[in-house]
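Here's the structure we're looking at; comments come further down.
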Amino acid sequence: MFVRGLKRKCFDGEEDIEGTLAGIKAIPSYNLQRQSLLDMSLVKLQLCHMLVEPNLCRSVLIANTVRQIQEEMTQDGTWQMINTQSTGQASLDRLVSTDILCRSSRDQAEGKHVAAYSTFNKDFESDQAQDSSETMSTASSVQAPRNLQSNVWEMENPQENKGNFQKSLDQIFETLENKSPNSVEDLFSEVDNSYYDLDTMLTGMMSNTKMGHCDSLETFSSPTNPASNSNCKSDLNDLDHIVEILVES
Amino acid sequence: FLAGFGSLMQDVLWCFSQVKGTIDTGVTESDIISTVEFNHTGELLATGDKGGRVVIFQREQESKNQPHRRGEYNVYSTFQSHEPEFDYLKSLEIEEKINKIRWLPQQNAAYFLLSTNDKTVKLWKVSERDKRPEGYNLKDEDGRLRDPSMITVLRVPVLRPMDLMVEATPRRVFANAHTYHINSISVNSDYETYMSADDLRINLWNFEITNQSFNIVDIKPANMEELTEVITAAEFHPHHCNTFVYSSSKGTIRLCDMRTAALCDRHAKFFEEPEDPSNRSFFSEIISSISDVKFSHSGRYIMSRDYLTVKVWDLNMENRPIETYQVHDYLRSKLCSLYENDCIFDKFECVWNGSDSVIMTGSYNNFFRMFDRNTKRDVTLEASRENSKPRAILKPRKVCVGGKRRKDEISVDSLDFSKKILHTAWHPSENIIAVAATNNLYIFQDKVN
């Protein structure tokens, strides 16, 4: 059960070929560990939004860890590499989009734009926007990129959802209904890409996480066929399913 | 109290004395003890739990007939200090869990303590009643009013003895002063004021005034996106009423003097140990976060607890601690898993003994550790039902770090991380300790010859 703790490797500047080869062999596993730590940290940050009252100290420490990893990855140049790989993008995508769930109920009632993109850098943001425009038109505007930190701290008014994931989803759907229109198409045209990510995120989270307190997550995702983790764009079938839920609720 | 008693670790044998709490394997969450504190004489021992209750134990008088039963602690008073609340403005539940209890020094027959949850501090008065007046003129014995026209004789009410009743009444409620979660309260040595600290701010209160408090520390950044550090603990100096310290999530301790400015954002002293570059990892900051800070009784030293160590600092030396004790260094290689299961965020407390010669803190698997500052010896003991025979001597425990495990040792991978000793207390003058293990309170004493 225990994994060896991560230690930062000290890359010295020698251009020795053997050293470089050995270095290359060592790098993937370190990068993998670092990536997994990053993923874990992001999930923790977002899960703590779902709890009744986020522990500020814990959130700060996790956010600082994320920032450290981010900085190191930027220095290494591996940050850009991650962006171009679809799996990497998908994982960040699906984790990033849980921000929707973290909007306070008050924000939603005020009709604020529900989908907020939190990004690590502007490059990532523009890539994502390009991808989304391929599958469907996003009528709603994309919010200006915000730091990850802002998601964590803005929650001076975190929503009261008693850790009930289902309820947060209900609130999102409720907002959609309130905003709108009668026809399903109109309703749907306002939904932007992030909801697909939501679905993928759910199924992705279910297969990844061992966290026990997300029981309501399981109930929600069981009717849908789990989309593959690497594919961040759901089929139209899943789209229909979401619409079905919206209409019924 | 014998001078020097307790300062030589090899002479102190700790024995089981009592355990409070149920034995059920299924623990009710609300019964989990969240704070333990002796009063200034050690006569009373208070515990607070997640359900918002306070239980006070009183030490019974020592009897000459049973000299080896040195003053057991029995329940003296139980009351509901805090109730769960709902903040409608923020759509937030406010937990009733008691984060800290601090006693006021006794000034009359009644006892006073402060108890706090995340948002509200309360001053409780605990007093005894063993007499009651009888023979009122206008009321009969049941309290019903008598018809004045039926009274023909006047009498003087007299006080008659009754069964001892201990009452707890809330005398003050200090509310609505904290946006963030209160982690510490500390009574000032002037006995007129106290402070309450949350993640970003520290407030100074006067005991008599509940609708106002002074903000003395504020580390909230103008832009919350820039927040990288929070306050984790705070305490007043035991003798100098103008001095206090607070610790942070970045492993720093700041000492402030309230005489210099109304808002003590600028510290008078700054205690931080430079980081050891060979030990650097992504978890370095998290494990450096200080979970507790305590002045020594003398006021000359500060003790801080971070995830893996306890450090003693001399007030006159800011650049490094004078002593560092490893609590459970074998966890250093397991930090990733401990991060995953959130154990790395556990907040352990630490305490001094009465003479400041021994320090104690908790660990996992219901282990707790003591370090003798003079002899540099340390011991690991366990709070468990198996070692709970009356006056049974506690056997030192040992964690085996790789290699061959000896018979009595336990391997790191077998440790139970759900059994954590976060809260402990040491009697102010004797070798009596209280250890909170989830929902059980263990009391250990040193062996009486």
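Simple scheme: letters A, B, ... for chains in structure tokens order, numbers from 1 for residues in each chain, numbers from 1 for ligands in the order shown.
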For Met258 in chain B, find every residue with an atom within 10 Å (counting only C-alpha atoms), except residues of its own chain fewer than 3 positions away, and show them as a count of residues only.
12
Sorted by chain and rising residue number, which residues of chain B lie within 8 Å of chain A, and what are their closest atom pairs and distances in Å to one decimal, counting only C-alpha atoms, as JSON lines?
```
{"residue": "B:Lys90", "atom": "CA", "partner": "A:Asn157", "partner_atom": "CA", "distance": 5.2}
{"residue": "B:Ser91", "atom": "CA", "partner": "A:Glu160", "partner_atom": "CA", "distance": 4.9}
{"residue": "B:Leu92", "atom": "CA", "partner": "A:Glu160", "partner_atom": "CA", "distance": 5.2}
{"residue": "B:Glu93", "atom": "CA", "partner": "A:Val52", "partner_atom": "CA", "distance": 6.6}
{"residue": "B:Asp199", "atom": "CA", "partner": "A:Leu56", "partner_atom": "CA", "distance": 7.1}
{"residue": "B:Met224", "atom": "CA", "partner": "A:Trp153", "partner_atom": "CA", "distance": 5.7}
{"residue": "B:Glu225", "atom": "CA", "partner": "A:Ser150", "partner_atom": "CA", "distance": 4.7}
{"residue": "B:Glu226", "atom": "CA", "partner": "A:Gln149", "partner_atom": "CA", "distance": 7.6}
{"residue": "B:Leu227", "atom": "CA", "partner": "A:Val60", "partner_atom": "CA", "distance": 7.3}
{"residue": "B:Thr228", "atom": "CA", "partner": "A:Val60", "partner_atom": "CA", "distance": 5.9}
{"residue": "B:Glu229", "atom": "CA", "partner": "A:Val60", "partner_atom": "CA", "distance": 6.8}
{"residue": "B:Val230", "atom": "CA", "partner": "A:Cys57", "partner_atom": "CA", "distance": 6.1}
{"residue": "B:Thr232", "atom": "CA", "partner": "A:Cys57", "partner_atom": "CA", "distance": 7.7}
{"residue": "B:Ser249", "atom": "CA", "partner": "A:Cys57", "partner_atom": "CA", "distance": 7.0}
{"residue": "B:Asn279", "atom": "CA", "partner": "A:Lys7", "partner_atom": "CA", "distance": 7.9}
{"residue": "B:Arg280", "atom": "CA", "partner": "A:Lys7", "partner_atom": "CA", "distance": 6.8}
{"residue": "B:Ser281", "atom": "CA", "partner": "A:Lys7", "partner_atom": "CA", "distance": 4.7}
{"residue": "B:Phe282", "atom": "CA", "partner": "A:Thr65", "partner_atom": "CA", "distance": 6.4}
{"residue": "B:Phe283", "atom": "CA", "partner": "A:Thr65", "partner_atom": "CA", "distance": 7.3}
{"residue": "B:Glu285", "atom": "CA", "partner": "A:Leu61", "partner_atom": "CA", "distance": 7.5}
{"residue": "B:Ile286", "atom": "CA", "partner": "A:Leu61", "partner_atom": "CA", "distance": 6.0}
{"residue": "B:Arg332", "atom": "CA", "partner": "A:Gly5", "partner_atom": "CA", "distance": 7.4}
{"residue": "B:Ser333", "atom": "CA", "partner": "A:Gly5", "partner_atom": "CA", "distance": 5.0}
{"residue": "B:Lys334", "atom": "CA", "partner": "A:Gly5", "partner_atom": "CA", "distance": 5.5}
{"residue": "B:Leu335", "atom": "CA", "partner": "A:Gly5", "partner_atom": "CA", "distance": 5.2}
{"residue": "B:Cys336", "atom": "CA", "partner": "A:Gly5", "partner_atom": "CA", "distance": 4.8}
{"residue": "B:Ser337", "atom": "CA", "partner": "A:Phe2", "partner_atom": "CA", "distance": 5.5}
{"residue": "B:Glu340", "atom": "CA", "partner": "A:Met40", "partner_atom": "CA", "distance": 7.3}
{"residue": "B:Phe345", "atom": "CA", "partner": "A:Arg58", "partner_atom": "CA", "distance": 6.6}
{"residue": "B:Asp413", "atom": "CA", "partner": "A:Phe2", "partner_atom": "CA", "distance": 7.7}
```
Option closest in space to Thr28 in chain B, from B:Asp49, B:Glu167, B:Glu83, B:Tyr136 [counting only C-alpha atoms]:
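Counting only C-alpha atoms, the residue closest to Thr28 in chain B is B:Asp49.
Among the candidates B:Gly48, B:Pro133, B:Pro84, B:Pro428, the one nearest to Ile101 in chain B when counting only C-alpha atoms is B:Gly48.
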Run DSSP on the backbone and give me the residues of range 220-409 of chain B it puts in helix (DSSP H, G or I), as a ChimeraX atom specification.
/B:224-226,277-279,284-288,329-340,343-345,385-387
Residue selection dump (N, CA and C atoms) as a tab-separated table (two decimals), in the first residue's frame:
```tsv
chain	number	residue	atom	x	y	z
B	224	MET	N	-7.40	37.16	-2.32
B	224	MET	CA	-7.34	35.80	-1.76
B	224	MET	C	-6.58	34.82	-2.65
B	225	GLU	N	-6.45	35.18	-3.91
B	225	GLU	CA	-5.70	34.29	-4.81
B	225	GLU	C	-4.24	34.21	-4.40
B	226	GLU	N	-3.80	35.21	-3.63
B	226	GLU	CA	-2.40	35.22	-3.22
B	226	GLU	C	-2.17	34.50	-1.90
B	277	PRO	N	18.37	20.99	2.43
B	277	PRO	CA	18.20	20.72	0.99
B	277	PRO	C	18.23	19.24	0.63
B	278	SER	N	18.90	18.44	1.45
B	278	SER	CA	18.98	17.02	1.11
B	278	SER	C	17.67	16.31	1.36
B	279	ASN	N	16.80	16.93	2.12
B	279	ASN	CA	15.52	16.28	2.44
B	279	ASN	C	14.36	16.86	1.66
B	284	SER	N	7.77	18.73	1.45
B	284	SER	CA	8.53	19.46	2.47
B	284	SER	C	7.71	20.52	3.17
B	285	GLU	N	6.96	21.28	2.39
B	285	GLU	CA	6.21	22.35	3.03
B	285	GLU	C	5.12	21.79	3.93
B	286	ILE	N	4.43	20.77	3.44
B	286	ILE	CA	3.33	20.23	4.23
B	286	ILE	C	3.82	19.70	5.57
B	287	ILE	N	4.94	18.98	5.54
B	287	ILE	CA	5.39	18.41	6.81
B	287	ILE	C	6.05	19.44	7.70
B	288	SER	N	6.34	20.62	7.15
B	288	SER	CA	6.91	21.66	8.00
B	288	SER	C	5.82	22.48	8.68
B	329	ASP	N	10.14	9.30	12.46
B	329	ASP	CA	10.86	9.57	11.21
B	329	ASP	C	10.69	8.46	10.19
B	330	TYR	N	10.29	7.26	10.67
B	330	TYR	CA	10.09	6.15	9.72
B	330	TYR	C	8.96	6.45	8.74
B	331	LEU	N	8.19	7.49	9.01
B	331	LEU	CA	7.12	7.85	8.08
B	331	LEU	C	7.62	8.69	6.92
B	332	ARG	N	8.87	9.11	6.99
B	332	ARG	CA	9.39	10.01	5.96
B	332	ARG	C	9.35	9.38	4.57
B	333	SER	N	9.53	8.06	4.52
B	333	SER	CA	9.50	7.41	3.21
B	333	SER	C	8.09	7.05	2.79
B	334	LYS	N	7.12	7.33	3.63
B	334	LYS	CA	5.74	6.97	3.31
B	334	LYS	C	4.88	8.19	3.05
B	335	LEU	N	5.53	9.33	2.87
B	335	LEU	CA	4.78	10.57	2.79
B	335	LEU	C	3.76	10.59	1.67
B	336	CYS	N	4.08	9.94	0.56
B	336	CYS	CA	3.14	9.97	-0.56
B	336	CYS	C	1.83	9.29	-0.18
B	337	SER	N	1.94	8.13	0.46
B	337	SER	CA	0.71	7.44	0.89
B	337	SER	C	-0.03	8.23	1.95
B	338	LEU	N	0.73	8.85	2.83
B	338	LEU	CA	0.10	9.61	3.90
B	338	LEU	C	-0.57	10.87	3.34
B	339	TYR	N	-0.06	11.32	2.20
B	339	TYR	CA	-0.70	12.45	1.54
B	339	TYR	C	-1.98	11.97	0.89
B	340	GLU	N	-1.90	10.80	0.30
B	340	GLU	CA	-3.07	10.25	-0.38
B	340	GLU	C	-4.23	10.01	0.58
B	343	CYS	N	-3.58	11.61	5.95
B	343	CYS	CA	-2.98	11.58	7.29
B	343	CYS	C	-1.92	12.65	7.46
B	344	ILE	N	-1.34	13.07	6.35
B	344	ILE	CA	-0.27	14.06	6.43
B	344	ILE	C	-0.79	15.40	6.96
B	345	PHE	N	-2.10	15.56	6.97
B	345	PHE	CA	-2.69	16.80	7.47
B	345	PHE	C	-3.13	16.69	8.93
B	385	ARG	N	-6.45	-0.94	25.31
B	385	ARG	CA	-7.21	-1.67	26.32
B	385	ARG	C	-6.45	-2.88	26.83
B	386	GLU	N	-5.56	-3.40	25.98
B	386	GLU	CA	-4.83	-4.60	26.41
B	386	GLU	C	-3.89	-4.31	27.57
B	387	ASN	N	-3.38	-3.08	27.60
B	387	ASN	CA	-2.46	-2.74	28.68
B	387	ASN	C	-3.18	-2.06	29.82
```
Separation of CA of Gln58 in chain B and CA of Leu44 in chain B, in Å?
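We find that CA of Gln58 in chain B and CA of Leu44 in chain B lie 4.6 Å from each other.
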Mind checking which residues fall within 9 Å of Arg254 in chain B, counting only C-alpha atoms, ignoring those fewer than 2 positions away in the same chain, and posting them as a VMD selection string?
chain B and resid 244 to 248 252 256 266 to 272
Give the strand (DSSP E or B) residues of range 119-282 of chain B, as assigned by DSSP on the backbone, as a PyMOL selection string.
chain B and resi 121-134+139+145+158-174+182-187+193-198+201-206+214-218+231-236+243-248+253-257+269-271
Would you mind listing what lies within 9 Å of Gly362 in chain B as a VMD selection string, with only C-alpha atoms counted and same-chain residues fewer than 2 positions away left out?
chain B and resid 327 348 to 350 360 364 366 to 370 420 to 424 435
Got a sec: who's within 6 Å of Ser289 in chain B, counting only C-alpha atoms, leaving out chain neighbours fewer than 6 positions off, as a PDB file with N, CA, C and O atoms, in the first residue's frame?
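Wrote part_15.pdb, looks like this:
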```pdb
ATOM      1  N   SER B 249       1.479  27.684   8.652  1.00  0.00           N
ATOM      2  CA  SER B 249       1.518  26.468   7.844  1.00  0.00           C
ATOM      3  C   SER B 249       2.825  26.358   7.067  1.00  0.00           C
ATOM      4  O   SER B 249       3.076  25.354   6.417  1.00  0.00           O
ATOM      5  N   LYS B 250       3.656  27.394   7.131  1.00  0.00           N
ATOM      6  CA  LYS B 250       4.948  27.327   6.455  1.00  0.00           C
ATOM      7  C   LYS B 250       6.072  27.011   7.434  1.00  0.00           C
ATOM      8  O   LYS B 250       7.247  27.169   7.106  1.00  0.00           O
ATOM      9  N   GLY B 251       5.714  26.615   8.637  1.00  0.00           N
ATOM     10  CA  GLY B 251       6.738  26.212   9.593  1.00  0.00           C
ATOM     11  C   GLY B 251       7.426  27.356  10.301  1.00  0.00           C
ATOM     12  O   GLY B 251       8.533  27.197  10.796  1.00  0.00           O
ATOM     13  N   ASP B 306       5.629  19.770  14.256  1.00  0.00           N
ATOM     14  CA  ASP B 306       5.262  19.643  12.853  1.00  0.00           C
ATOM     15  C   ASP B 306       5.032  18.158  12.607  1.00  0.00           C
ATOM     16  O   ASP B 306       5.010  17.392  13.545  1.00  0.00           O
TER      17      ASP B 306
END
```
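With CA of Ile433 in chain B on one side and CA of Cys15 in chain B on the other, the separation reads 10.2 Å.
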Distance in Å - CA of Arg397 in chain B versus CA of Gln18 in chain B:
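Pair CA of Arg397 in chain B / CA of Gln18 in chain B returns 19.7 Å.
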Need to verify the contact set: Gly52 in chain B, 12 Å, only C-alpha atoms, exclusion of same-chain residues closer than 5 positions in sequence. Can you return it as JSON, numbers by chain?
{"B": [29, 30, 31, 32, 33, 34, 35, 47, 78, 79, 80, 81, 82, 83, 84, 85, 94, 95, 96, 97, 98, 99, 100, 101, 115, 116, 117, 118, 120, 122]}
